[in-house]
Amino acid sequence: MYEAAGQIRLGIEPYLEIRSAKSPAVAPDGELLAYLSDESGTHQIWLRPLAGGAPWRLTDMPEPVGAIAFNPKSRDLLFTMDCGGDERHQLWLVPGASGVPQPLTDDPTVVHVWGCWAPDGQRIAFASNARDREHMDIYVMDMATRAARRVFEGSGYREAVAFFPDGRSLLVADATHAMNDQDLFRLDLESGAREALLPHEGRARYAASRMKKDGSGFFTITDQGREFLSVAFRSATDGTLDWIVDRDGQDIEAVALAPDQNRLAYVANDRGWNRIFVREIAGGVEFEVEGFPAGSVGSVAWLPDGSGLVFPLDGSTSSPDIWRFDIASKQVKRLTDASKAGLDPAGFVEPTLASTKSFDGLEVPFFVYRPRGKAPEGGYPAVVVVHGGPEAQWTPIFRADLQFFLSQGIMVIAPNVRGSTGYGRSYHHLDDKHLRMDSVADLKAVRLWLREQSDVNDDRVAVYGRSYGGFMVLAALTEQPELWKVGIEFYGIANFLTLLETTGPWRRYLRAVEYGDPVADRENLIRFSPIHKIDQIRVPLFMAQGFDDPRVPPGESEMVYSVLRGLGRPVEYLRIPHEGHGFARIENRRTVFGGVARFLREHL
């Protein structure tokens, strides 16, 4: 049993009852805010007057809502929804943000990736694999007739980014090579002609492209020719790329162009925490938006009159909510309040940063969450939690499970091993293909750092991860079995070959770019797959799997459970029906994370 380090011992349930508000969208009249909230148990659309007043729920769909976007000329509100987390999203419309949602697409076997509204609000563009389940084509739908026309057909993955101001062409991001190696092209909607806009050597990413209304060009976030993501302007006149915002050693993760076209708001990644800046484009003068808690800002949007910003904030000690910033007063205000579970956020823990050297001298950063109160005799037990992706970064967002662990006197360590984003292009690619196990060695280095800490009990350390982080758990338990007391993994990769055979066909080759080709790299994929060393796992393992998961299908978890059961090893396995790559329903989160809490109480 673990000690509570002087804290009041509560069950995990109150932590799970802290809900979230995210994905804000402002109606073009500037009077109405739409956002997603899981107040009802799944994420549905809620509305709130921006001037103040009580929010109300717009949708009561049988499944969680995905993306939302207002028509630029009206309150017509588009949203996406899949079935059981299978990621085969359909497009829906709520005319006037009132009344009964209407389906725009209706084929549950097809993936629809939301793209953009036309400037006049009469058409939408999106990507779909209706023609061939392995490839994403581009479609344009006329909103009056609901007729969709395929305007581009090709192999691989691509998305519709934005209409050009004249409405006659589309900006398309083509990820035929990889999700982090894209090409941008202009697609003429009448002739179908393509124009490459930013040809480049090597890899490049593009995100959040924003058009100038006068057609003079567009702003985009890109790392073309550099280590970190920056904001650039691509001129329509001569095709040049001018760098507008470039922060040394920091990625720019979101950008918004003001209605007056003279200012940018952007979000910078400062060692995992986000900061918001407002910048005059012409003179380069900028100021920082201050006054909100530390955390992660997923997007930023201007109010239609340019008077302020709206953004979602998710922090370790702050529930995920929507915030507003007023330009004139320089004041921020929380617009939603998801923290209604009776817990005092003052008791939550903000992490600190640390790092350690790995086997080859590389410095590996990680977050350290220390419980409040004095360490028990013998030191804290600890959980090392590994993010998924692997093309992702651990950032200090609110995690109900981790704050519960901390309340129980368990230290939490969250590393960003090589392959993580946020530390530059070179660091990002240090785990590609044949380098896969170097990231597992980084995890070992972090574990050995824990061994040197006087306030940590070296005999009571768990490893915990989801998705690719689940692979890291299985790899740690098979490669470093002597270092871990228990393991917890959700929908983890056990066998890279079977993963590449069974994952959603529209994403199969994108995963092969990261992990390796199943033919050319077969031997490496076999060597990296934990299933071939699964007999090395001798400590208790807790597993959970959504049975509609299209990314890491249930077969990965099933084979691990079957083999460990056959070997007589201690393993618990929760099969969760009608869930995908994550647990979207509150009742399933209670089941899964309640099981994790009990498992740690019994075994750590």
# chains A, B, ... in the order shown; residues from 1 in each chain; ligands from 1
>>> select_by_dssp(residues="range 470-604 of chain A", states="strand (DSSP E)", output="PyMOL selection string")
chain A and resi 486-490+541-546+571-576
>>> write_last_selection(atoms="all heavy atoms", output="short mmCIF file (atom, residue, chain, number, x, y, z; two decimals), in the first residue's frame")
data_model
loop_
_atom_site.label_atom_id
_atom_site.label_comp_id
_atom_site.auth_asym_id
_atom_site.auth_seq_id
_atom_site.Cartn_x
_atom_site.Cartn_y
_atom_site.Cartn_z
N VAL A 486 5.46 -2.36 -11.85
CA VAL A 486 4.21 -2.68 -12.54
C VAL A 486 4.18 -1.91 -13.86
O VAL A 486 4.93 -0.95 -14.05
CB VAL A 486 2.95 -2.32 -11.71
CG1 VAL A 486 2.89 -3.13 -10.44
CG2 VAL A 486 2.91 -0.83 -11.39
N GLY A 487 3.25 -2.32 -14.73
CA GLY A 487 3.04 -1.61 -15.99
C GLY A 487 1.56 -1.37 -16.22
O GLY A 487 0.72 -2.18 -15.81
N ILE A 488 1.24 -0.25 -16.88
CA ILE A 488 -0.13 0.08 -17.27
C ILE A 488 -0.09 0.55 -18.71
O ILE A 488 0.67 1.48 -19.04
CB ILE A 488 -0.72 1.20 -16.39
CG1 ILE A 488 -0.66 0.83 -14.91
CG2 ILE A 488 -2.15 1.52 -16.81
CD1 ILE A 488 -0.92 2.02 -14.00
N GLU A 489 -0.85 -0.09 -19.58
CA GLU A 489 -0.87 0.36 -20.98
C GLU A 489 -2.26 0.25 -21.57
O GLU A 489 -2.98 -0.71 -21.32
CB GLU A 489 0.17 -0.39 -21.81
CG GLU A 489 -0.09 -1.86 -22.05
CD GLU A 489 -0.71 -2.13 -23.42
OE1 GLU A 489 -1.23 -1.19 -24.05
OE2 GLU A 489 -0.68 -3.30 -23.84
N PHE A 490 -2.63 1.30 -22.34
CA PHE A 490 -3.89 1.31 -23.08
C PHE A 490 -3.57 1.24 -24.56
O PHE A 490 -2.70 1.96 -25.05
CB PHE A 490 -4.68 2.60 -22.83
CG PHE A 490 -5.00 2.90 -21.39
CD1 PHE A 490 -5.41 4.17 -21.04
CD2 PHE A 490 -4.92 1.93 -20.41
CE1 PHE A 490 -5.73 4.49 -19.73
CE2 PHE A 490 -5.24 2.23 -19.09
CZ PHE A 490 -5.64 3.52 -18.76
N LEU A 541 0.63 -6.40 -15.01
CA LEU A 541 0.35 -5.48 -16.12
C LEU A 541 -1.15 -5.25 -16.20
O LEU A 541 -1.95 -6.19 -16.17
CB LEU A 541 0.84 -6.09 -17.44
CG LEU A 541 0.54 -5.29 -18.72
CD1 LEU A 541 1.26 -3.96 -18.72
CD2 LEU A 541 0.91 -6.09 -19.96
N PHE A 542 -1.54 -3.96 -16.31
CA PHE A 542 -2.94 -3.57 -16.49
C PHE A 542 -3.11 -3.07 -17.90
O PHE A 542 -2.34 -2.22 -18.38
CB PHE A 542 -3.31 -2.47 -15.49
CG PHE A 542 -4.75 -2.03 -15.56
CD1 PHE A 542 -5.70 -2.57 -14.71
CD2 PHE A 542 -5.17 -1.07 -16.48
CE1 PHE A 542 -7.03 -2.18 -14.76
CE2 PHE A 542 -6.49 -0.67 -16.55
CZ PHE A 542 -7.43 -1.22 -15.68
N MET A 543 -4.16 -3.55 -18.61
CA MET A 543 -4.39 -3.18 -20.00
C MET A 543 -5.84 -2.76 -20.19
O MET A 543 -6.74 -3.27 -19.53
CB MET A 543 -4.09 -4.36 -20.93
CG MET A 543 -2.70 -4.93 -20.81
SD MET A 543 -2.57 -6.52 -21.68
CE MET A 543 -3.03 -6.02 -23.34
N ALA A 544 -6.06 -1.82 -21.13
CA ALA A 544 -7.42 -1.43 -21.53
C ALA A 544 -7.41 -1.14 -23.02
O ALA A 544 -6.42 -0.62 -23.56
CB ALA A 544 -7.89 -0.22 -20.74
N GLN A 545 -8.53 -1.47 -23.70
CA GLN A 545 -8.59 -1.35 -25.16
C GLN A 545 -10.00 -0.99 -25.59
O GLN A 545 -10.98 -1.64 -25.19
CB GLN A 545 -8.19 -2.67 -25.81
CG GLN A 545 -8.37 -2.73 -27.32
CD GLN A 545 -7.30 -1.97 -28.08
OE1 GLN A 545 -6.12 -2.13 -27.81
NE2 GLN A 545 -7.72 -1.16 -29.04
N GLY A 546 -10.14 0.06 -26.42
CA GLY A 546 -11.40 0.36 -27.07
C GLY A 546 -11.60 -0.58 -28.25
O GLY A 546 -10.69 -0.73 -29.08
N VAL A 571 -1.91 -10.41 -15.20
CA VAL A 571 -2.35 -9.42 -16.19
C VAL A 571 -3.85 -9.19 -16.03
O VAL A 571 -4.61 -10.13 -15.83
CB VAL A 571 -2.01 -9.86 -17.63
CG1 VAL A 571 -2.61 -11.22 -17.95
CG2 VAL A 571 -2.43 -8.82 -18.64
N GLU A 572 -4.25 -7.93 -16.06
CA GLU A 572 -5.66 -7.54 -16.06
C GLU A 572 -5.96 -6.83 -17.37
O GLU A 572 -5.15 -6.04 -17.86
CB GLU A 572 -5.98 -6.61 -14.89
CG GLU A 572 -5.81 -7.24 -13.53
CD GLU A 572 -6.29 -6.32 -12.42
OE1 GLU A 572 -7.27 -5.57 -12.66
OE2 GLU A 572 -5.67 -6.33 -11.34
N TYR A 573 -7.15 -7.08 -17.91
CA TYR A 573 -7.47 -6.56 -19.24
C TYR A 573 -8.93 -6.12 -19.27
O TYR A 573 -9.84 -6.91 -19.00
CB TYR A 573 -7.22 -7.65 -20.28
CG TYR A 573 -7.49 -7.26 -21.71
CD1 TYR A 573 -7.31 -5.95 -22.17
CD2 TYR A 573 -7.91 -8.21 -22.63
CE1 TYR A 573 -7.55 -5.61 -23.49
CE2 TYR A 573 -8.14 -7.89 -23.95
CZ TYR A 573 -7.96 -6.58 -24.38
OH TYR A 573 -8.21 -6.25 -25.68
N LEU A 574 -9.16 -4.83 -19.60
CA LEU A 574 -10.50 -4.30 -19.76
C LEU A 574 -10.78 -4.10 -21.24
O LEU A 574 -10.10 -3.31 -21.91
CB LEU A 574 -10.64 -2.96 -19.02
CG LEU A 574 -10.56 -3.00 -17.50
CD1 LEU A 574 -10.75 -1.59 -16.94
CD2 LEU A 574 -11.59 -3.96 -16.91
N ARG A 575 -11.76 -4.82 -21.75
CA ARG A 575 -12.24 -4.60 -23.12
C ARG A 575 -13.41 -3.62 -23.06
O ARG A 575 -14.41 -3.90 -22.41
CB ARG A 575 -12.68 -5.92 -23.74
CG ARG A 575 -11.60 -6.99 -23.86
CD ARG A 575 -12.20 -8.26 -24.44
NE ARG A 575 -11.21 -9.30 -24.70
CZ ARG A 575 -10.94 -10.29 -23.87
NH1 ARG A 575 -11.58 -10.36 -22.70
NH2 ARG A 575 -10.04 -11.20 -24.19
N ILE A 576 -13.27 -2.49 -23.74
CA ILE A 576 -14.30 -1.45 -23.67
C ILE A 576 -15.01 -1.35 -25.02
O ILE A 576 -14.43 -0.87 -26.01
CB ILE A 576 -13.68 -0.09 -23.30
CG1 ILE A 576 -12.82 -0.21 -22.05
CG2 ILE A 576 -14.78 0.94 -23.10
CD1 ILE A 576 -13.57 -0.65 -20.80
#
>>> residues_around(residues="Leu257 in chain A", least_positions_apart="6", cutoff="9 Å", atoms="only C-alpha atoms", output="NGL selection string")
:A and (210-212 or 219 or 263-266 or 301-302)
>>> write_last_selection(atoms="all heavy atoms", output="mmCIF file, in the first residue's frame")
data_model
loop_
_atom_site.group_PDB
_atom_site.id
_atom_site.type_symbol
_atom_site.label_atom_id
_atom_site.label_comp_id
_atom_site.auth_asym_id
_atom_site.auth_seq_id
_atom_site.Cartn_x
_atom_site.Cartn_y
_atom_site.Cartn_z
ATOM 1 N N ARG A 210 -3.450 31.033 -43.317
ATOM 2 C CA ARG A 210 -4.458 32.084 -43.238
ATOM 3 C C ARG A 210 -4.328 33.017 -44.436
ATOM 4 O O ARG A 210 -3.276 33.628 -44.653
ATOM 5 C CB ARG A 210 -4.290 32.884 -41.936
ATOM 6 C CG ARG A 210 -4.395 32.033 -40.678
ATOM 7 C CD ARG A 210 -5.820 31.562 -40.440
ATOM 8 N NE ARG A 210 -5.954 30.805 -39.201
ATOM 9 C CZ ARG A 210 -6.060 29.498 -39.115
ATOM 10 N NH1 ARG A 210 -6.034 28.763 -40.226
ATOM 11 N NH2 ARG A 210 -6.203 28.898 -37.950
ATOM 12 N N MET A 211 -5.409 33.170 -45.215
ATOM 13 C CA MET A 211 -5.404 33.957 -46.441
ATOM 14 C C MET A 211 -5.547 35.460 -46.173
ATOM 15 O O MET A 211 -6.331 35.870 -45.315
ATOM 16 C CB MET A 211 -6.548 33.517 -47.355
ATOM 17 C CG MET A 211 -6.429 32.108 -47.885
ATOM 18 S SD MET A 211 -5.177 32.030 -49.181
ATOM 19 C CE MET A 211 -5.165 30.247 -49.480
ATOM 20 N N LYS A 212 -4.820 36.276 -46.921
ATOM 21 C CA LYS A 212 -5.093 37.710 -46.959
ATOM 22 C C LYS A 212 -6.336 37.930 -47.822
ATOM 23 O O LYS A 212 -6.482 37.335 -48.899
ATOM 24 C CB LYS A 212 -3.909 38.457 -47.555
ATOM 25 C CG LYS A 212 -2.687 38.515 -46.649
ATOM 26 C CD LYS A 212 -2.787 39.640 -45.630
ATOM 27 C CE LYS A 212 -2.477 40.980 -46.266
ATOM 28 N NZ LYS A 212 -2.455 42.083 -45.279
ATOM 29 N N PHE A 219 -0.474 33.550 -44.893
ATOM 30 C CA PHE A 219 0.434 33.240 -43.798
ATOM 31 C C PHE A 219 0.330 31.746 -43.500
ATOM 32 O O PHE A 219 -0.731 31.144 -43.633
ATOM 33 C CB PHE A 219 0.062 34.037 -42.545
ATOM 34 C CG PHE A 219 0.202 35.514 -42.696
ATOM 35 C CD1 PHE A 219 -0.851 36.289 -43.160
ATOM 36 C CD2 PHE A 219 1.403 36.144 -42.382
ATOM 37 C CE1 PHE A 219 -0.727 37.660 -43.302
ATOM 38 C CE2 PHE A 219 1.540 37.513 -42.520
ATOM 39 C CZ PHE A 219 0.472 38.278 -42.984
ATOM 40 N N ARG A 263 -2.610 42.618 -37.955
ATOM 41 C CA ARG A 263 -2.052 42.018 -36.748
ATOM 42 C C ARG A 263 -2.183 40.500 -36.797
ATOM 43 O O ARG A 263 -3.093 39.969 -37.432
ATOM 44 C CB ARG A 263 -2.771 42.552 -35.498
ATOM 45 C CG ARG A 263 -2.593 44.028 -35.220
ATOM 46 C CD ARG A 263 -3.566 44.496 -34.160
ATOM 47 N NE ARG A 263 -4.944 44.439 -34.635
ATOM 48 C CZ ARG A 263 -6.021 44.602 -33.869
ATOM 49 N NH1 ARG A 263 -5.863 44.807 -32.571
ATOM 50 N NH2 ARG A 263 -7.238 44.550 -34.388
ATOM 51 N N LEU A 264 -1.272 39.860 -36.101
ATOM 52 C CA LEU A 264 -1.322 38.408 -35.904
ATOM 53 C C LEU A 264 -1.391 38.114 -34.416
ATOM 54 O O LEU A 264 -0.750 38.804 -33.602
ATOM 55 C CB LEU A 264 -0.077 37.727 -36.466
ATOM 56 C CG LEU A 264 0.120 37.623 -37.974
ATOM 57 C CD1 LEU A 264 1.491 37.019 -38.250
ATOM 58 C CD2 LEU A 264 -0.969 36.784 -38.611
ATOM 59 N N ALA A 265 -2.128 37.110 -34.050
ATOM 60 C CA ALA A 265 -2.011 36.503 -32.726
ATOM 61 C C ALA A 265 -1.387 35.131 -32.936
ATOM 62 O O ALA A 265 -1.757 34.415 -33.868
ATOM 63 C CB ALA A 265 -3.374 36.383 -32.057
ATOM 64 N N TYR A 266 -0.421 34.796 -32.119
ATOM 65 C CA TYR A 266 0.202 33.484 -32.288
ATOM 66 C C TYR A 266 0.514 32.859 -30.937
ATOM 67 O O TYR A 266 0.586 33.537 -29.909
ATOM 68 C CB TYR A 266 1.457 33.570 -33.158
ATOM 69 C CG TYR A 266 2.643 34.282 -32.550
ATOM 70 C CD1 TYR A 266 3.588 33.587 -31.800
ATOM 71 C CD2 TYR A 266 2.850 35.648 -32.762
ATOM 72 C CE1 TYR A 266 4.694 34.239 -31.249
ATOM 73 C CE2 TYR A 266 3.951 36.305 -32.232
ATOM 74 C CZ TYR A 266 4.867 35.593 -31.468
ATOM 75 O OH TYR A 266 5.961 36.223 -30.928
ATOM 76 N N ALA A 301 -8.250 32.595 -31.721
ATOM 77 C CA ALA A 301 -9.123 33.185 -32.745
ATOM 78 C C ALA A 301 -9.466 34.613 -32.357
ATOM 79 O O ALA A 301 -9.662 34.920 -31.172
ATOM 80 C CB ALA A 301 -10.398 32.359 -32.902
ATOM 81 N N TRP A 302 -9.538 35.494 -33.357
ATOM 82 C CA TRP A 302 -9.945 36.876 -33.131
ATOM 83 C C TRP A 302 -11.460 36.973 -33.074
ATOM 84 O O TRP A 302 -12.178 36.245 -33.776
ATOM 85 C CB TRP A 302 -9.448 37.768 -34.271
ATOM 86 C CG TRP A 302 -7.975 38.013 -34.250
ATOM 87 C CD1 TRP A 302 -7.011 37.241 -34.828
ATOM 88 C CD2 TRP A 302 -7.298 39.106 -33.629
ATOM 89 N NE1 TRP A 302 -5.768 37.780 -34.603
ATOM 90 C CE2 TRP A 302 -5.908 38.931 -33.865
ATOM 91 C CE3 TRP A 302 -7.720 40.219 -32.895
ATOM 92 C CZ2 TRP A 302 -4.949 39.831 -33.402
ATOM 93 C CZ3 TRP A 302 -6.765 41.119 -32.429
ATOM 94 C CH2 TRP A 302 -5.402 40.920 -32.686
#
>>> closest_residue(among="A:Glu286, A:Glu63, A:Asp107, A:Asp82", to="Ile244 in chain A", atoms="only C-alpha atoms")
A:Glu286
>>> residues_around(residues="Gly379 in chain A", least_positions_apart="6", cutoff="12 Å", atoms="only C-alpha atoms", output="JSON, numbers by chain")
{"A": [2, 3, 4, 5, 370, 371, 373, 409, 410, 411, 450, 451, 452, 453, 454, 455, 456, 457, 458, 459, 460, 461]}
>>> write_last_selection(atoms="N, CA and C atoms", output="mmCIF file, in the first residue's frame")
data_model
loop_
_atom_site.group_PDB
_atom_site.id
_atom_site.type_symbol
_atom_site.label_atom_id
_atom_site.label_comp_id
_atom_site.auth_asym_id
_atom_site.auth_seq_id
_atom_site.Cartn_x
_atom_site.Cartn_y
_atom_site.Cartn_z
ATOM 1 N N TYR A 2 0.462 2.255 -0.691
ATOM 2 C CA TYR A 2 1.243 3.486 -0.716
ATOM 3 C C TYR A 2 0.691 4.492 0.267
ATOM 4 N N GLU A 3 1.533 5.430 0.651
ATOM 5 C CA GLU A 3 1.160 6.430 1.626
ATOM 6 C C GLU A 3 0.611 7.667 0.931
ATOM 7 N N ALA A 4 -0.173 8.467 1.667
ATOM 8 C CA ALA A 4 -0.812 9.648 1.102
ATOM 9 C C ALA A 4 -0.022 10.910 1.345
ATOM 10 N N ALA A 5 1.163 10.808 1.932
ATOM 11 C CA ALA A 5 2.030 11.960 2.156
ATOM 12 C C ALA A 5 1.285 13.102 2.843
ATOM 13 N N ARG A 370 5.905 16.489 -8.174
ATOM 14 C CA ARG A 370 6.133 15.994 -6.812
ATOM 15 C C ARG A 370 4.877 16.181 -5.967
ATOM 16 N N PRO A 371 4.476 15.162 -5.235
ATOM 17 C CA PRO A 371 3.295 15.300 -4.375
ATOM 18 C C PRO A 371 3.512 16.387 -3.326
ATOM 19 N N GLY A 373 3.431 17.801 0.377
ATOM 20 C CA GLY A 373 3.660 17.152 1.660
ATOM 21 C C GLY A 373 4.989 16.415 1.684
ATOM 22 N N GLY A 409 0.152 10.545 -2.929
ATOM 23 C CA GLY A 409 1.567 10.477 -2.565
ATOM 24 C C GLY A 409 2.434 9.757 -3.571
ATOM 25 N N ILE A 410 2.004 9.703 -4.839
ATOM 26 C CA ILE A 410 2.790 9.077 -5.895
ATOM 27 C C ILE A 410 3.420 10.159 -6.761
ATOM 28 N N MET A 411 4.716 10.137 -6.919
ATOM 29 C CA MET A 411 5.394 11.066 -7.813
ATOM 30 C C MET A 411 5.129 10.663 -9.257
ATOM 31 N N LEU A 450 15.681 8.496 -11.702
ATOM 32 C CA LEU A 450 14.835 8.315 -10.522
ATOM 33 C C LEU A 450 15.561 7.542 -9.426
ATOM 34 N N ARG A 451 16.374 6.571 -9.819
ATOM 35 C CA ARG A 451 17.103 5.757 -8.846
ATOM 36 C C ARG A 451 18.020 6.607 -7.970
ATOM 37 N N GLU A 452 18.480 7.718 -8.517
ATOM 38 C CA GLU A 452 19.412 8.578 -7.783
ATOM 39 C C GLU A 452 18.706 9.585 -6.880
ATOM 40 N N GLN A 453 17.381 9.647 -6.920
ATOM 41 C CA GLN A 453 16.668 10.638 -6.118
ATOM 42 C C GLN A 453 16.398 10.097 -4.717
ATOM 43 N N SER A 454 16.795 10.856 -3.729
ATOM 44 C CA SER A 454 16.693 10.388 -2.344
ATOM 45 C C SER A 454 15.252 10.273 -1.852
ATOM 46 N N ASP A 455 14.318 10.999 -2.517
ATOM 47 C CA ASP A 455 12.922 10.955 -2.063
ATOM 48 C C ASP A 455 12.070 9.990 -2.876
ATOM 49 N N VAL A 456 12.697 9.094 -3.637
ATOM 50 C CA VAL A 456 11.970 8.110 -4.454
ATOM 51 C C VAL A 456 12.294 6.702 -3.972
ATOM 52 N N ASN A 457 11.275 5.873 -3.857
ATOM 53 C CA ASN A 457 11.463 4.473 -3.502
ATOM 54 C C ASN A 457 11.762 3.687 -4.778
ATOM 55 N N ASP A 458 12.989 3.267 -4.938
ATOM 56 C CA ASP A 458 13.431 2.626 -6.182
ATOM 57 C C ASP A 458 12.767 1.283 -6.423
ATOM 58 N N ASP A 459 12.155 0.700 -5.402
ATOM 59 C CA ASP A 459 11.497 -0.598 -5.557
ATOM 60 C C ASP A 459 10.035 -0.461 -5.964
ATOM 61 N N ARG A 460 9.559 0.784 -6.103
ATOM 62 C CA ARG A 460 8.130 0.986 -6.368
ATOM 63 C C ARG A 460 7.950 2.009 -7.500
ATOM 64 N N VAL A 461 8.341 1.619 -8.708
ATOM 65 C CA VAL A 461 8.243 2.515 -9.868
ATOM 66 C C VAL A 461 7.441 1.812 -10.960
#
>>> closest_residue(among="A:Gly11, A:Glu39, A:Asp242, A:Phe471", to="Pro320 in chain A", atoms="only C-alpha atoms")
A:Glu39
>>> closest_residue(among="A:Asp432, A:Asp76, A:Asp442, A:Glu556", to="Thr356 in chain A", atoms="only C-alpha atoms")
A:Asp442
>>> closest_residue(among="A:Ile18, A:Val300, A:Leu443, A:Ala51", to="Ser37 in chain A", atoms="only C-alpha atoms")
A:Ile18
>>> closest_residue(among="A:Arg57, A:Arg324, A:His578, A:Arg226", to="Ser426 in chain A", atoms="only C-alpha atoms")
A:Arg226
>>> residues_around(residues="Gly52 in chain A", least_positions_apart="4", cutoff="10 Å", atoms="only C-alpha atoms", output="number ranges by chain")
A: 31-32, 48, 335
>>> residues_around(residues="Leu58 in chain A", least_positions_apart="6", cutoff="12 Å", atoms="only C-alpha atoms", output="ChimeraX atom specification")
/A:33-37,40,43-48,65,77,79,93-101
>>> residues_around(residues="range 580-589 of chain A", least_positions_apart="3", cutoff="8 Å", atoms="only C-alpha atoms", output="list in words")
Leu16, Gly41, Thr42, His43, Pro64, Gly84, Gly85, Asp86, Glu87, Ser467, Tyr491, Gly546, Phe547, Asp548, Asp549, Pro550, Arg551, Val552, Ile576, Val592, Phe593 and Gly594 of chain A
>>> write_last_selection(atoms="N, CA and C atoms", output="mmCIF file, in the first residue's frame")
data_model
loop_
_atom_site.group_PDB
_atom_site.id
_atom_site.type_symbol
_atom_site.label_atom_id
_atom_site.label_comp_id
_atom_site.auth_asym_id
_atom_site.auth_seq_id
_atom_site.Cartn_x
_atom_site.Cartn_y
_atom_site.Cartn_z
ATOM 1 N N LEU A 16 -12.362 12.545 -11.874
ATOM 2 C CA LEU A 16 -12.935 12.234 -13.183
ATOM 3 C C LEU A 16 -14.154 13.094 -13.488
ATOM 4 N N GLY A 41 -21.505 14.147 -20.361
ATOM 5 C CA GLY A 41 -20.871 12.831 -20.364
ATOM 6 C C GLY A 41 -20.090 12.538 -21.623
ATOM 7 N N THR A 42 -20.474 13.182 -22.741
ATOM 8 C CA THR A 42 -19.686 13.141 -23.975
ATOM 9 C C THR A 42 -19.605 14.556 -24.524
ATOM 10 N N HIS A 43 -18.649 14.825 -25.388
ATOM 11 C CA HIS A 43 -18.498 16.164 -25.936
ATOM 12 C C HIS A 43 -19.643 16.475 -26.904
ATOM 13 N N PRO A 64 -20.009 11.398 -29.483
ATOM 14 C CA PRO A 64 -19.316 12.653 -29.243
ATOM 15 C C PRO A 64 -19.121 13.450 -30.535
ATOM 16 N N GLY A 84 -18.588 5.455 -32.290
ATOM 17 C CA GLY A 84 -17.777 4.624 -31.409
ATOM 18 C C GLY A 84 -16.299 4.896 -31.489
ATOM 19 N N GLY A 85 -15.916 6.120 -31.894
ATOM 20 C CA GLY A 85 -14.505 6.444 -31.985
ATOM 21 C C GLY A 85 -13.802 5.805 -33.160
ATOM 22 N N ASP A 86 -14.563 5.408 -34.204
ATOM 23 C CA ASP A 86 -13.932 4.722 -35.344
ATOM 24 C C ASP A 86 -13.276 5.676 -36.341
ATOM 25 N N GLU A 87 -13.402 6.988 -36.095
ATOM 26 C CA GLU A 87 -12.779 8.039 -36.895
ATOM 27 C C GLU A 87 -13.301 8.127 -38.326
ATOM 28 N N SER A 467 -1.329 4.080 -26.429
ATOM 29 C CA SER A 467 -1.036 4.061 -27.862
ATOM 30 C C SER A 467 0.453 3.775 -28.084
ATOM 31 N N TYR A 491 -4.301 0.384 -25.291
ATOM 32 C CA TYR A 491 -4.219 0.246 -26.746
ATOM 33 C C TYR A 491 -2.794 0.454 -27.279
ATOM 34 N N GLY A 546 -10.137 0.064 -26.418
ATOM 35 C CA GLY A 546 -11.402 0.356 -27.066
ATOM 36 C C GLY A 546 -11.595 -0.576 -28.248
ATOM 37 N N PHE A 547 -12.760 -1.178 -28.356
ATOM 38 C CA PHE A 547 -12.944 -2.224 -29.361
ATOM 39 C C PHE A 547 -13.325 -1.700 -30.741
ATOM 40 N N ASP A 548 -13.462 -0.368 -30.899
ATOM 41 C CA ASP A 548 -13.660 0.205 -32.225
ATOM 42 C C ASP A 548 -12.455 1.034 -32.654
ATOM 43 N N ASP A 549 -11.321 0.800 -32.037
ATOM 44 C CA ASP A 549 -10.118 1.590 -32.296
ATOM 45 C C ASP A 549 -9.601 1.320 -33.710
ATOM 46 N N PRO A 550 -9.560 2.353 -34.596
ATOM 47 C CA PRO A 550 -9.044 2.134 -35.939
ATOM 48 C C PRO A 550 -7.529 2.320 -36.037
ATOM 49 N N ARG A 551 -6.915 2.907 -35.034
ATOM 50 C CA ARG A 551 -5.480 3.201 -35.097
ATOM 51 C C ARG A 551 -4.655 2.016 -34.617
ATOM 52 N N VAL A 552 -4.926 1.580 -33.392
ATOM 53 C CA VAL A 552 -4.296 0.368 -32.861
ATOM 54 C C VAL A 552 -5.425 -0.622 -32.583
ATOM 55 N N ILE A 576 -13.273 -2.487 -23.740
ATOM 56 C CA ILE A 576 -14.299 -1.446 -23.673
ATOM 57 C C ILE A 576 -15.008 -1.353 -25.017
ATOM 58 N N VAL A 592 -12.364 2.540 -16.541
ATOM 59 C CA VAL A 592 -10.944 2.343 -16.831
ATOM 60 C C VAL A 592 -10.065 2.942 -15.741
ATOM 61 N N PHE A 593 -10.296 4.211 -15.413
ATOM 62 C CA PHE A 593 -9.390 4.866 -14.472
ATOM 63 C C PHE A 593 -9.666 4.440 -13.037
ATOM 64 N N GLY A 594 -10.914 4.029 -12.763
ATOM 65 C CA GLY A 594 -11.156 3.404 -11.474
ATOM 66 C C GLY A 594 -10.372 2.110 -11.343
#
